[in-house]
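Next comes upload-v4.pdb, a file with PDB, C-alpha atoms.
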ATOM      1  CA  MET A  14      14.626 -13.285  21.508
ATOM      2  CA  ALA A  15      14.291 -10.542  18.917
ATOM      3  CA  PHE A  16      17.132 -12.131  16.945
ATOM      4  CA  VAL A  17      15.320 -15.493  16.788
ATOM      5  CA  SER A  18      12.102 -13.759  15.749
ATOM      6  CA  SER A  19      13.974 -11.835  13.054
ATOM      7  CA  LEU A  20      15.456 -15.061  11.643
ATOM      8  CA  ALA A  21      12.047 -16.718  11.596
ATOM      9  CA  ASN A  22      10.541 -13.743   9.757
ATOM     10  CA  ARG A  23      13.298 -13.875   7.138
ATOM     11  CA  ALA A  24      12.666 -17.593   6.628
ATOM     12  CA  TYR A  25       8.919 -17.001   6.213
ATOM     13  CA  HIS A  26       9.637 -14.272   3.673
ATOM     14  CA  LEU A  27      11.758 -16.665   1.605
ATOM     15  CA  LEU A  28       9.048 -19.334   1.730
ATOM     16  CA  ARG A  29       6.188 -16.979   0.838
ATOM     17  CA  HIS A  30       4.508 -17.912  -2.435
ATOM     18  CA  ALA A  31       5.290 -15.535  -5.304
ATOM     19  CA  SER A  32       1.602 -14.916  -6.104
ATOM     20  CA  ALA A  33       0.970 -13.435  -2.640
ATOM     21  CA  GLN A  34       2.276 -10.071  -3.828
ATOM     22  CA  ALA A  35      -0.067 -10.120  -6.853
ATOM     23  CA  THR A  36      -3.088 -10.549  -4.564
ATOM     24  CA  ALA A  37      -1.954  -7.543  -2.593
ATOM     25  CA  ARG A  38      -2.247  -5.432  -5.745
ATOM     26  CA  GLU A  39      -5.274  -6.878  -7.581
ATOM     27  CA  PRO A  40      -8.651  -5.137  -7.621
ATOM     28  CA  VAL A  41     -11.077  -6.085  -4.872
ATOM     29  CA  THR A  42     -14.172  -7.854  -6.195
ATOM     30  CA  VAL A  43     -15.822  -9.181  -3.012
ATOM     31  CA  GLN A  44     -17.335  -7.608   0.091
ATOM     32  CA  GLY A  45     -16.994  -9.122   3.546
ATOM     33  CA  PHE A  46     -14.994 -12.091   4.710
ATOM     34  CA  SER A  47     -17.326 -15.042   4.033
ATOM     35  CA  GLY A  48     -14.770 -16.300   1.478
ATOM     36  CA  LEU A  49     -12.481 -17.192   4.387
ATOM     37  CA  GLU A  50     -14.919 -19.735   5.847
ATOM     38  CA  GLY A  51     -13.523 -23.261   5.861
ATOM     39  CA  HIS A  52      -9.909 -22.112   5.447
ATOM     40  CA  LYS A  53      -7.062 -22.330   7.970
ATOM     41  CA  TYR A  54      -4.914 -19.463   6.614
ATOM     42  CA  CYS A  55      -5.576 -16.041   5.213
ATOM     43  CA  LEU A  56      -3.298 -13.598   3.497
ATOM     44  CA  LEU A  57      -3.213 -10.411   5.571
ATOM     45  CA  VAL A  58      -2.046  -7.433   3.545
ATOM     46  CA  THR A  59      -0.868  -4.377   5.464
ATOM     47  CA  TYR A  60       0.781  -1.231   4.116
ATOM     48  CA  LYS A  61       4.181   0.380   4.644
ATOM     49  CA  ARG A  62       4.523   4.155   4.982
ATOM     50  CA  SER A  63       5.399   4.262   1.272
ATOM     51  CA  GLY A  64       2.058   2.599   0.468
ATOM     52  CA  GLU A  65       3.767  -0.648  -0.573
ATOM     53  CA  PRO A  66       1.592  -3.651   0.349
ATOM     54  CA  VAL A  67       3.075  -6.404   2.534
ATOM     55  CA  PRO A  68       1.279  -9.782   2.340
ATOM     56  CA  THR A  69       1.619 -12.181   5.283
ATOM     57  CA  PRO A  70      -0.117 -15.573   5.660
ATOM     58  CA  VAL A  71      -1.663 -15.850   9.140
ATOM     59  CA  TRP A  72      -3.938 -18.048  11.255
ATOM     60  CA  PHE A  73      -7.318 -16.433  11.864
ATOM     61  CA  GLY A  74     -10.725 -16.837  13.432
ATOM     62  CA  LEU A  75     -14.090 -15.561  12.179
ATOM     63  CA  ALA A  76     -16.890 -14.264  14.417
ATOM     64  CA  ASP A  77     -19.827 -12.002  13.631
ATOM     65  CA  GLY A  78     -18.362 -10.885  10.291
ATOM     66  CA  SER A  79     -14.996  -9.876  11.773
ATOM     67  CA  VAL A  80     -11.638 -11.602  11.422
ATOM     68  CA  TYR A  81      -9.368 -12.084  14.441
ATOM     69  CA  ILE A  82      -5.617 -12.665  14.330
ATOM     70  CA  ARG A  83      -2.993 -13.072  17.049
ATOM     71  CA  SER A  84       0.511 -11.787  16.426
ATOM     72  CA  GLU A  85       3.689 -10.923  18.265
ATOM     73  CA  ALA A  86       3.251  -7.478  19.783
ATOM     74  CA  ASP A  87       6.437  -6.189  18.164
ATOM     75  CA  ALA A  88       5.770  -7.663  14.701
ATOM     76  CA  ALA A  89       6.054  -5.265  11.780
ATOM     77  CA  LYS A  90       2.458  -5.968  10.685
ATOM     78  CA  VAL A  91       1.217  -4.736  14.079
ATOM     79  CA  ALA A  92       3.213  -1.510  13.733
ATOM     80  CA  ARG A  93       1.858  -1.029  10.204
ATOM     81  CA  ILE A  94      -1.742  -1.516  11.419
ATOM     82  CA  ARG A  95      -1.261   0.965  14.250
ATOM     83  CA  ARG A  96      -0.069   3.503  11.666
ATOM     84  CA  ASP A  97      -2.500   2.660   8.832
ATOM     85  CA  PRO A  98      -5.616   0.555   9.515
ATOM     86  CA  ARG A  99      -6.167  -0.414   5.875
ATOM     87  CA  ALA A 100      -6.014  -4.175   5.410
ATOM     88  CA  ARG A 101      -6.854  -6.751   2.798
ATOM     89  CA  LEU A 102      -7.647 -10.428   3.431
ATOM     90  CA  ALA A 103      -7.820 -13.429   1.092
ATOM     91  CA  PRO A 104      -7.904 -17.171   1.776
ATOM     92  CA  CYS A 105      -4.516 -18.776   1.173
ATOM     93  CA  THR A 106      -2.200 -21.716   1.782
ATOM     94  CA  VAL A 107       0.360 -21.817   4.586
ATOM     95  CA  ARG A 108       2.896 -20.267   2.159
ATOM     96  CA  GLY A 109       0.516 -17.500   1.104
ATOM     97  CA  ARG A 110      -0.661 -18.839  -2.281
ATOM     98  CA  PRO A 111      -4.072 -17.187  -2.721
ATOM     99  CA  LEU A 112      -7.103 -19.482  -2.888
ATOM    100  CA  GLY A 113      -9.698 -16.799  -3.545
ATOM    101  CA  PRO A 114     -10.229 -13.095  -4.121
ATOM    102  CA  PRO A 115      -9.276 -10.476  -1.533
ATOM    103  CA  ALA A 116     -11.668  -8.329   0.498
ATOM    104  CA  GLU A 117     -10.923  -4.910   2.005
ATOM    105  CA  GLY A 118     -11.023  -4.251   5.720
ATOM    106  CA  ARG A 119     -10.002  -1.941   8.551
ATOM    107  CA  ALA A 120      -7.756  -3.400  11.230
ATOM    108  CA  ARG A 121      -7.030  -2.454  14.814
ATOM    109  CA  VAL A 122      -5.239  -3.819  17.846
ATOM    110  CA  LEU A 123      -7.662  -5.042  20.514
ATOM    111  CA  GLU A 124      -7.326  -4.021  24.147
ATOM    112  CA  GLY A 125      -8.566  -5.485  27.419
ATOM    113  CA  PRO A 126     -11.769  -7.536  27.503
ATOM    114  CA  GLU A 127     -12.145  -7.474  23.705
ATOM    115  CA  GLN A 128      -9.332 -10.005  23.513
ATOM    116  CA  ALA A 129     -11.542 -12.817  24.870
ATOM    117  CA  ARG A 130     -13.774 -12.637  21.768
ATOM    118  CA  ALA A 131     -10.700 -12.876  19.538
ATOM    119  CA  GLU A 132      -9.271 -15.848  21.439
ATOM    120  CA  ALA A 133     -12.611 -17.682  21.245
ATOM    121  CA  ALA A 134     -12.767 -17.156  17.452
ATOM    122  CA  LEU A 135      -9.224 -18.476  17.016
ATOM    123  CA  GLN A 136      -9.878 -21.492  19.264
ATOM    124  CA  ALA A 137     -12.991 -22.327  17.254
ATOM    125  CA  ASN A 138     -10.898 -22.558  14.069
ATOM    126  CA  TYR A 139      -7.826 -24.402  15.427
ATOM    127  CA  GLY A 140      -8.347 -26.161  18.758
ATOM    128  CA  ARG A 141      -5.510 -28.060  20.475
ATOM    129  CA  GLY A 142      -2.815 -27.566  17.822
ATOM    130  CA  ARG A 143      -2.967 -23.824  18.226
ATOM    131  CA  ARG A 144      -2.998 -24.082  22.021
ATOM    132  CA  ALA A 145       0.250 -26.070  21.871
ATOM    133  CA  TYR A 146       1.839 -23.535  19.511
ATOM    134  CA  GLU A 147       0.778 -20.591  21.668
ATOM    135  CA  GLY A 148       1.964 -22.424  24.797
ATOM    136  CA  VAL A 149       5.488 -22.609  23.381
ATOM    137  CA  ALA A 150       5.408 -18.912  22.471
ATOM    138  CA  ASP A 151       4.167 -18.023  25.958
ATOM    139  CA  ALA A 152       6.907 -20.155  27.554
ATOM    140  CA  LEU A 153       9.506 -18.259  25.511
ATOM    141  CA  GLY A 154       8.115 -14.955  26.778
ATOM    142  CA  VAL A 155       6.686 -13.811  23.438
ATOM    143  CA  ARG A 156       4.102 -11.100  24.095
ATOM    144  CA  GLY A 157       1.126 -11.358  21.776
ATOM    145  CA  VAL A 158      -1.653  -9.002  20.712
ATOM    146  CA  TYR A 159      -4.955  -9.621  19.024
ATOM    147  CA  LEU A 160      -5.996  -7.863  15.843
ATOM    148  CA  GLU A 161      -9.542  -7.355  14.599
ATOM    149  CA  VAL A 162     -10.311  -6.726  10.935
ATOM    150  CA  VAL A 163     -13.801  -5.530  10.005
ATOM    151  CA  PRO A 164     -15.091  -5.208   6.441
ATOM    152  CA  ALA A 165     -14.459  -1.800   4.881
TER     153      ALA A 165
END
Write the structure described by the file as structure tokens, please.
Amino acid sequence: MAFVSSLANRAYHLLRHASAQATAREPVTVQGFSGLEGHKYCLLVTYKRSGEPVPTPVWFGLADGSVYIRSEADAAKVARIRRDPRARLAPCTVRGRPLGPPAEGRARVLEGPEQARAEAALQANYGRGRRAYEGVADALGVRGVYLEVVPA
């Protein structure tokens, strides 16, 4: 399973829009995540130990000013967030081409009952299509976690 996940991640990296990296490095000019409203993807920027930013387009949900994301538990972005909670979010296309300015945030992995709030926010933004996608992942035994990003 890890091999399949690794191949998929490599494919996503090759498809990522070239301007995604520029957004990871540009100055932040907005506060909060209202710029994500009405979008289906956001560019989540997390940071390696070296400080190098890593932009990743993700599905998200908004609720009460926070952004919620579901990811594979063993994904590199989850490990980076556990180590360094700094995050940056910007609306983007499925390939990560930015559609607006980035905003700074602090991310964390949610535990226990907090996950219900995250799932509800994601369902509100995606509905049945996401349920089908997650159903396949669950059937394959992919363990997921929820992330919360709050404005910094």
- [ ] Identify all residues satisfying the PyMOL selection byres ((chain A and resi 114-117) around 7) in the given file; provide them as a ChimeraX atom specification.
- [x] /A:36,41-46,100-103,113,118,164-165
- [ ] Could you tell me which residues the PyMOL selection byres ((chain A and resi 74) around 8) grabs in this file, written as a list of chain:residue names?
- [x]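 On the file shown, the PyMOL selection byres ((chain A and resi 74) around 8) covers A:Trp72, A:Phe73, A:Leu75, A:Ala76, A:Val80, A:Tyr81, A:Ile82, A:Ala131, A:Ala134, A:Leu135, A:Gln136, A:Ala137, A:Asn138.
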Task: Neighbour list for Val58 of chain A as a ChimeraX atom specification, cut-off 12 Å, all atoms listed in the file, skip fewer than 4 positions in-chain - done: /A:33-39,64-71,89-91,93-94,97-105,109,111,115-120,162
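Nearest to Leu160 of chain A of all the residues A:His52, A:Arg121, A:Arg144, A:Arg108 is A:Arg121, based on only C-alpha atoms.
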- [ ] Figure out the distance between atom CA of Thr59 of chain A and atom CA of Leu153 of chain A, please, to one decimal in Å.
- [x]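 Result for atom CA of Leu153 of chain A versus atom CA of Thr59 of chain A: 26.5 Å, one decimal.
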Open item on the list: Rounded to one decimal, what separation in Å do you get between atom CA of Val155 of chain A and atom CA of Glu127 of chain A?
Closed with: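 Interatomic distance, atom CA of Val155 of chain A to atom CA of Glu127 of chain A: 19.9 Å.
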Open item on the list: For a test of reading the model, state the distance in Å between atom CA of Lys53 of chain A and atom CA of Ser32 of chain A, rounded to one decimal.
Closed with: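 It comes out at 18.1 Å.
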- [ ] Tell me which of A:Leu112, A:Ala133, A:Ala86, A:Val107 sits closest to Arg156 of chain A, counting all atoms listed in the file.
- [x] A:Ala86
Task: Minimum-distance residue to Gly48 of chain A, chosen among A:Gly78, A:Gly142, A:Gly154, A:Pro126 (using all atoms listed in the file) - done: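 Checking each of A:Gly78, A:Gly142, A:Gly154, A:Pro126 against Gly48 of chain A, counting all atoms listed in the file, the winner is A:Gly78.
Minimum atom-to-atom distance to Arg130 of chain A, evaluated using only C-alpha atoms, belongs to A:Glu161 out of A:Ala92, A:Lys61, A:Ser84, A:Glu161.
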